[in-house]
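The file work-v1.cif comes next; it holds mmCIF, C-alpha atoms.
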```cif
data_structure
loop_
_atom_site.label_atom_id
_atom_site.label_comp_id
_atom_site.auth_asym_id
_atom_site.auth_seq_id
_atom_site.Cartn_x
_atom_site.Cartn_y
_atom_site.Cartn_z
CA MET A 1 28.16 -15.96 12.27
CA ASP A 2 27.93 -15.40 8.52
CA SER A 3 28.04 -12.01 6.94
CA VAL A 4 25.09 -9.71 7.61
CA VAL A 5 22.41 -8.14 5.41
CA ASP A 6 21.28 -4.73 6.68
CA THR A 7 17.74 -4.20 5.37
CA HIS A 8 17.27 -0.61 6.51
CA VAL A 9 19.81 2.12 5.81
CA HIS A 10 19.07 5.76 5.01
CA LEU A 11 21.43 7.88 2.93
CA SER A 12 21.22 11.57 2.10
CA ASP A 13 22.83 14.06 -0.25
CA ARG A 14 21.94 17.56 0.92
CA GLU A 15 24.31 19.14 -1.59
CA LYS A 16 22.44 17.51 -4.46
CA TRP A 17 18.86 18.00 -3.26
CA GLN A 18 19.12 20.78 -0.67
CA LEU A 19 17.71 20.74 2.85
CA PRO A 20 13.95 20.97 2.09
CA ALA A 21 14.15 17.43 0.77
CA TYR A 22 15.35 16.33 4.22
CA SER A 23 13.32 18.63 6.47
CA TRP A 24 13.04 15.91 9.12
CA HIS A 25 16.76 16.38 9.83
CA LYS A 26 15.80 19.59 11.64
CA GLU A 27 13.91 17.63 14.30
CA ASP A 28 17.10 16.91 16.26
CA PRO A 29 20.69 18.22 16.09
CA LYS A 30 21.98 14.63 16.16
CA ILE A 31 20.70 14.07 12.63
CA ASP A 32 20.96 17.61 11.27
CA HIS A 33 23.87 16.61 9.06
CA ASP A 34 24.45 15.13 5.63
CA PHE A 35 24.69 11.34 5.83
CA THR A 36 26.25 10.50 2.51
CA PRO A 37 27.31 7.06 1.30
CA ALA A 38 30.90 7.97 2.20
CA VAL A 39 29.89 8.67 5.80
CA PHE A 40 28.11 5.33 5.96
CA ASP A 41 31.21 3.56 4.63
CA SER A 42 33.25 5.03 7.46
CA GLU A 43 30.88 3.73 10.15
CA VAL A 44 29.39 0.41 9.00
CA CYS A 45 30.65 -2.84 10.53
CA LYS A 46 32.89 -5.06 8.42
CA THR A 47 30.54 -8.01 8.95
CA VAL A 48 27.80 -6.22 6.99
CA GLU A 49 28.06 -7.58 3.45
CA LYS A 50 24.87 -6.30 1.81
CA VAL A 51 22.84 -3.15 2.38
CA LEU A 52 19.30 -2.20 1.41
CA PHE A 53 18.59 1.52 1.21
CA CYS A 54 15.24 2.76 2.51
CA GLU A 55 13.75 6.01 1.25
CA CYS A 56 14.18 9.01 3.52
CA MET A 57 13.32 12.21 1.66
CA THR A 58 10.50 14.47 2.77
CA ALA A 59 9.45 14.42 -0.86
CA GLU A 60 6.01 15.15 -2.24
CA SER A 61 6.92 15.32 -5.92
CA GLU A 62 7.18 12.18 -8.01
CA GLU A 63 10.25 13.68 -9.66
CA LEU A 64 12.20 13.85 -6.38
CA MET A 65 11.06 10.37 -5.36
CA ALA A 66 12.23 8.98 -8.69
CA GLU A 67 15.58 10.78 -8.52
CA GLU A 68 16.32 9.27 -5.12
CA ALA A 69 15.38 5.77 -6.33
CA LYS A 70 17.56 6.00 -9.44
CA TRP A 71 20.48 7.45 -7.45
CA VAL A 72 20.57 4.43 -5.15
CA CYS A 73 19.81 1.79 -7.80
CA ASN A 74 22.67 3.08 -9.94
CA MET A 75 25.07 2.98 -6.99
CA ALA A 76 24.03 -0.61 -6.37
CA SER A 77 24.75 -1.44 -10.02
CA ALA A 78 28.26 -0.07 -9.54
CA ASN A 79 28.72 -2.27 -6.46
CA SER A 80 29.20 0.85 -4.37
CA HIS A 81 28.86 1.16 -0.59
CA LYS A 82 27.72 -2.48 -0.17
CA LEU A 83 24.38 -1.49 -1.70
CA VAL A 84 22.35 -4.26 -3.31
CA GLY A 85 19.02 -2.54 -3.69
CA ALA A 86 16.53 0.16 -2.81
CA ILE A 87 13.22 0.41 -1.03
CA ALA A 88 12.06 3.54 -2.81
CA SER A 89 9.40 6.12 -2.16
CA ALA A 90 6.28 6.31 -4.33
CA PRO A 91 3.04 8.30 -4.40
CA LEU A 92 1.26 5.29 -2.89
CA GLY A 93 -2.07 6.37 -1.45
CA PHE A 94 -1.99 9.74 -3.20
CA VAL A 95 -2.69 8.76 -6.81
CA GLU A 96 -4.95 6.34 -8.65
CA VAL A 97 -3.48 2.94 -9.38
CA ASP A 98 -2.92 3.58 -13.09
CA GLN A 99 -0.75 6.61 -12.29
CA LEU A 100 1.13 4.59 -9.68
CA ARG A 101 1.85 1.88 -12.25
CA LYS A 102 3.26 4.51 -14.62
CA TYR A 103 5.47 5.83 -11.82
CA LEU A 104 6.73 2.30 -11.09
CA ASP A 105 7.62 1.95 -14.75
CA THR A 106 9.74 5.12 -14.59
CA ILE A 107 11.85 3.74 -11.73
CA LYS A 108 11.91 0.11 -12.85
CA HIS A 109 15.35 -1.33 -12.20
CA PRO A 110 16.82 -4.73 -11.25
CA ASN A 111 17.97 -3.20 -7.96
CA LEU A 112 14.55 -1.83 -7.04
CA LYS A 113 13.34 -4.23 -4.35
CA GLY A 114 10.47 -2.48 -2.59
CA ILE A 115 8.31 0.59 -2.02
CA ARG A 116 7.59 2.56 1.13
CA GLN A 117 5.14 5.38 1.73
CA LEU A 118 4.75 6.20 5.42
CA ILE A 119 1.38 5.58 7.04
CA GLN A 120 2.77 7.10 10.22
CA GLY A 121 1.90 10.77 10.51
CA LYS A 122 -0.92 10.63 7.97
CA GLU A 123 -4.63 11.18 8.61
CA PRO A 124 -6.48 8.23 10.21
CA GLY A 125 -7.47 5.66 7.61
CA PHE A 126 -4.84 6.73 5.06
CA GLY A 127 -3.52 3.18 4.78
CA THR A 128 -6.95 1.69 4.09
CA THR A 129 -8.11 3.99 1.32
CA ALA A 130 -8.86 2.48 -2.08
CA LYS A 131 -5.79 4.25 -3.50
CA TYR A 132 -3.49 2.68 -0.91
CA ILE A 133 -5.03 -0.79 -1.15
CA ASP A 134 -5.06 -0.86 -4.96
CA GLY A 135 -1.55 0.55 -4.97
CA CYS A 136 -0.27 -2.23 -2.71
CA LYS A 137 -1.79 -4.79 -5.03
CA ALA A 138 -0.07 -3.17 -8.02
CA ILE A 139 3.28 -3.12 -6.20
CA GLY A 140 2.90 -6.83 -5.48
CA GLU A 141 2.08 -7.47 -9.14
CA ALA A 142 5.35 -5.73 -10.00
CA ASN A 143 7.17 -8.28 -7.80
CA LEU A 144 8.12 -5.63 -5.27
CA VAL A 145 7.79 -5.64 -1.48
CA VAL A 146 5.76 -3.04 0.44
CA ASP A 147 7.35 -1.75 3.64
CA PHE A 148 4.96 -0.61 6.39
CA CYS A 149 6.06 2.26 8.61
CA VAL A 150 3.46 2.98 11.27
CA LYS A 151 3.10 4.44 14.74
CA GLY A 152 -0.26 3.44 16.15
CA GLN A 153 -1.75 2.30 12.82
CA LEU A 154 -1.32 -1.46 13.06
CA ASP A 155 -5.03 -1.84 12.23
CA ASP A 156 -4.20 -0.47 8.77
CA CYS A 157 -1.47 -3.09 8.39
CA ILE A 158 -3.86 -5.88 9.34
CA ALA A 159 -6.45 -4.67 6.83
CA LEU A 160 -3.88 -4.37 4.05
CA ALA A 161 -2.43 -7.80 4.71
CA GLU A 162 -5.91 -9.28 4.46
CA LYS A 163 -6.98 -7.33 1.35
CA CYS A 164 -3.67 -7.85 -0.50
CA PRO A 165 -2.82 -11.53 0.05
CA ASP A 166 -0.54 -11.69 -2.99
CA THR A 167 1.61 -8.76 -1.87
CA THR A 168 4.58 -9.29 0.43
CA PHE A 169 4.78 -6.80 3.31
CA VAL A 170 7.55 -5.97 5.76
CA LEU A 171 6.71 -4.17 9.00
CA ASP A 172 9.46 -1.68 9.81
CA HIS A 173 10.76 -1.23 13.35
CA ILE A 174 8.49 -3.97 14.80
CA GLY A 175 5.57 -1.55 14.46
CA LYS A 176 7.03 1.09 16.80
CA PRO A 177 5.66 0.08 20.21
CA ASN A 178 5.72 2.48 23.14
CA ILE A 179 8.60 1.17 25.26
CA THR A 180 8.71 2.56 28.78
CA ALA A 181 10.86 2.22 31.88
CA GLU A 182 8.53 -0.27 33.60
CA GLY A 183 10.04 -3.26 31.83
CA GLY A 184 8.34 -6.14 30.06
CA VAL A 185 5.85 -5.64 27.24
CA THR A 186 3.76 -2.77 28.54
CA ASP A 187 2.20 -1.67 25.23
CA LYS A 188 -0.75 -4.06 25.32
CA ASP A 189 -2.47 -2.60 22.25
CA TRP A 190 0.67 -3.21 20.21
CA GLU A 191 1.02 -6.69 21.67
CA ALA A 192 -2.53 -7.70 20.72
CA LYS A 193 -2.33 -6.31 17.19
CA ILE A 194 1.06 -7.89 16.50
CA ALA A 195 -0.53 -11.23 17.39
CA VAL A 196 -3.29 -10.64 14.81
CA LEU A 197 -0.89 -9.37 12.14
CA SER A 198 1.36 -12.40 12.56
CA LYS A 199 -1.44 -14.65 11.29
CA PHE A 200 -0.93 -13.28 7.79
CA LYS A 201 1.90 -15.21 6.18
CA ASN A 202 2.56 -12.43 3.67
CA VAL A 203 3.86 -10.17 6.47
CA ASN A 204 7.44 -10.07 7.75
CA VAL A 205 9.07 -7.88 10.40
CA LYS A 206 12.26 -5.84 10.63
CA ILE A 207 14.03 -6.01 13.96
CA SER A 208 15.09 -2.39 13.62
CA GLY A 209 14.48 1.09 14.94
CA ILE A 210 13.66 -0.17 18.43
CA ILE A 211 16.09 1.78 20.57
CA THR A 212 14.60 5.07 19.33
CA GLU A 213 11.16 4.01 20.62
CA VAL A 214 12.23 3.92 24.29
CA LYS A 215 10.63 6.98 25.90
CA GLY A 216 11.20 8.68 29.22
CA THR A 217 14.37 6.79 30.06
CA THR A 218 17.64 5.62 28.57
CA TRP A 219 17.31 2.44 26.54
CA THR A 220 18.92 -0.73 27.83
CA PRO A 221 19.08 -4.26 26.41
CA ALA A 222 16.80 -5.43 29.23
CA LEU A 223 14.11 -2.92 28.23
CA ILE A 224 14.00 -3.89 24.56
CA GLU A 225 14.53 -7.65 24.76
CA PRO A 226 10.92 -8.52 25.76
CA TYR A 227 9.59 -6.76 22.64
CA ILE A 228 12.10 -8.46 20.37
CA LYS A 229 11.41 -11.85 21.93
CA TYR A 230 7.66 -11.37 21.57
CA VAL A 231 7.85 -10.40 17.90
CA ILE A 232 10.18 -13.22 16.92
CA THR A 233 8.21 -15.79 18.90
CA THR A 234 4.96 -14.58 17.38
CA PHE A 235 6.11 -14.30 13.76
CA SER A 236 8.69 -17.14 13.93
CA TRP A 237 12.36 -17.05 12.98
CA ASP A 238 11.38 -17.44 9.32
CA ARG A 239 9.77 -13.98 9.03
CA VAL A 240 12.12 -11.60 10.84
CA MET A 241 15.18 -9.69 9.62
CA TYR A 242 17.82 -7.31 10.90
CA GLY A 243 17.90 -3.61 10.08
CA SER A 244 20.14 -0.89 11.51
CA ASP A 245 17.89 2.12 10.77
CA TRP A 246 21.11 4.08 10.24
CA TYR A 247 21.23 7.15 10.39
CA ALA A 248 17.94 7.62 12.29
CA SER A 249 19.51 5.29 14.84
CA LYS A 250 21.83 8.14 15.82
CA LEU A 251 18.93 9.60 17.79
CA ALA A 252 19.62 6.85 20.34
CA SER A 253 23.18 5.69 19.62
CA ASP A 254 25.97 7.41 17.74
CA ASN A 255 27.84 4.25 16.76
CA TYR A 256 26.61 1.81 14.09
CA SER A 257 28.06 -1.19 15.92
CA VAL A 258 26.14 -0.57 19.15
CA TRP A 259 22.76 -1.75 17.85
CA ILE A 260 23.95 -4.81 15.95
CA ASN A 261 26.16 -5.94 18.82
CA THR A 262 23.36 -5.35 21.33
CA LEU A 263 21.04 -7.50 19.25
CA LYS A 264 23.58 -10.29 18.81
CA ASP A 265 24.31 -10.33 22.54
CA LEU A 266 20.72 -10.52 23.80
CA PRO A 267 20.29 -13.85 25.61
CA PHE A 268 17.24 -14.74 23.51
CA ILE A 269 19.24 -14.27 20.30
CA LYS A 270 22.44 -15.91 21.55
CA GLU A 271 20.53 -18.99 22.73
CA ALA A 272 18.58 -19.35 19.47
CA GLY A 273 21.31 -21.27 17.66
CA GLU A 274 23.29 -20.56 14.51
CA GLU A 275 20.52 -21.53 12.07
CA ASN A 276 18.03 -19.03 13.52
CA GLN A 277 20.70 -16.34 13.80
CA ARG A 278 21.50 -16.77 10.07
CA LYS A 279 17.81 -16.38 9.25
CA LEU A 280 17.59 -13.16 11.26
CA PHE A 281 20.79 -11.55 10.04
CA LYS A 282 20.90 -12.75 6.44
CA LEU A 283 18.80 -15.50 4.91
CA ASN A 284 15.28 -14.11 5.41
CA ALA A 285 16.26 -10.74 3.95
CA GLU A 286 17.78 -12.38 0.88
CA ARG A 287 14.65 -14.44 0.32
CA VAL A 288 12.03 -11.75 0.96
CA TYR A 289 13.73 -8.98 -1.03
CA LYS A 290 15.14 -11.37 -3.67
CA LEU A 291 18.72 -10.25 -3.15
#
```

Mind converting the file's structure to structure tokens?
Amino acid sequence: MDSVVDTHVHLSDREKWQLPAYSWHKEDPKIDHDFTPAVFDSEVCKTVEKVLFCECMTAESEELMAEEAKWVCNMASANSHKLVGAIASAPLGFVEVDQLRKYLDTIKHPNLKGIRQLIQGKEPGFGTTAKYIDGCKAIGEANLVVDFCVKGQLDDCIALAEKCPDTTFVLDHIGKPNITAEGGVTDKDWEAKIAVLSKFKNVNVKISGIITEVKGTTWTPALIEPYIKYVITTFSWDRVMYGSDWYASKLASDNYSVWINTLKDLPFIKEAGEENQRKLFKLNAERVYKL
């Protein structure tokens, strides 16, 4: 297989920004550490050629969001840590569209590839407010991708995809289904809404963050494969891409290589053929994020 593009890596610098900027680290001892670019370098697989950073601060101020974006974009310019771009945070959904455009101007950079503002954890309807919808349109006009991160808010994603047809979206972590020990696709609400969302050709999906969604039991390849197969079959091989979700992935597996090797070794992936594997692990990411 060709070299790999990892579309979803988090990096932190707790010495630079102090712990309040990363308050979510306190949720579990496994991630209550500083995950600097140097730490990532020591763990990433050699087959990974290009890396996209995804925002990970618990930041409410535009200043902090912008600092994180510039930090990563500048590292990418220096060809450091395999970085080729950033999916940055923005006050999407919190400010009027004119203010959002001004913010985007402050972080404008050739290595800025996308914007993410979590819908997960927000009040119901946050992702379908006028501020969020208009903001997504403005991000698309700036030739940037919008990453969705949801847990139970796929209706918001469907509405946004319909209302913003000229914006490219990427659904993180296959929409975070509830994966249980029963086996098969048991989250029927997720299944139905993924089918609807797949109809919108401006939406793509990251095959990432799945092992951390297995609840009540230890994850196994057999438990996660039905969800991966369903998403890829529904969206097609042309609209899916690999992401490690490092370092959040440490909540389920301490070693970077475990997830990527698990994915490569799933029967559905192995039997898909080299062309489809290249789409999943490299080509789609390069096209969607203009790498």

With the PyMOL selection byres ((chain A and resi 58) around 9) as the selection, what would be picked from this file? Answer as an MDAnalysis selection string, please. chainID A and resid 20:24 56:57 59:60

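Taking only C-alpha atoms into account, Lys206 of chain A lies nearest to A:Val231 out of the set A:Ala192, A:Val44, A:Val258, A:Val231.
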
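Picked by the PyMOL selection byres ((chain A and resi 256) around 8) from the coordinates shown: Glu43, Val44, Cys45, Ser244, Trp246, Ser249, Ser253, Asp254, Asn255, Ser257, Val258, Trp259 and Ile260 of chain A.
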
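What the PyMOL selection byres ((chain A and resi 32) around 12) matches in the given file is Ser12, Arg14, Leu19, Tyr22, Ser23, Trp24, His25, Lys26, Glu27, Asp28, Pro29, Lys30, Ile31, His33, Asp34, Phe35, Tyr247, Ala248, Lys250 and Leu251 of chain A.
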
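Between Gly121 of chain A and the candidates A:Leu104, A:Ala142, A:Asn284, A:Gln153, the tightest atom-to-atom separation, counting all atoms listed in the file, involves A:Gln153.
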
Students should find that atom CA of Val240 of chain A and atom CA of Val205 of chain A are spaced 4.8 Å

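Of the listed residues A:Phe53, A:Trp17, A:Phe268, A:Trp71, the one whose atoms come nearest to Ile228 of chain A is A:Phe268, with distances taken using all atoms listed in the file.
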
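Computed from the coordinates, the atom CA of Ser42 of chain A to atom CA of Gly85 of chain A distance equals 19.6 Å.
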
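Every protein, DNA or RNA residue with an atom at most 9 Å from Asp155 of chain A, where all atoms listed in the file count and chain neighbours fewer than 5 positions away do not, is listed here: Leu160, Lys193 and Leu197 of chain A.
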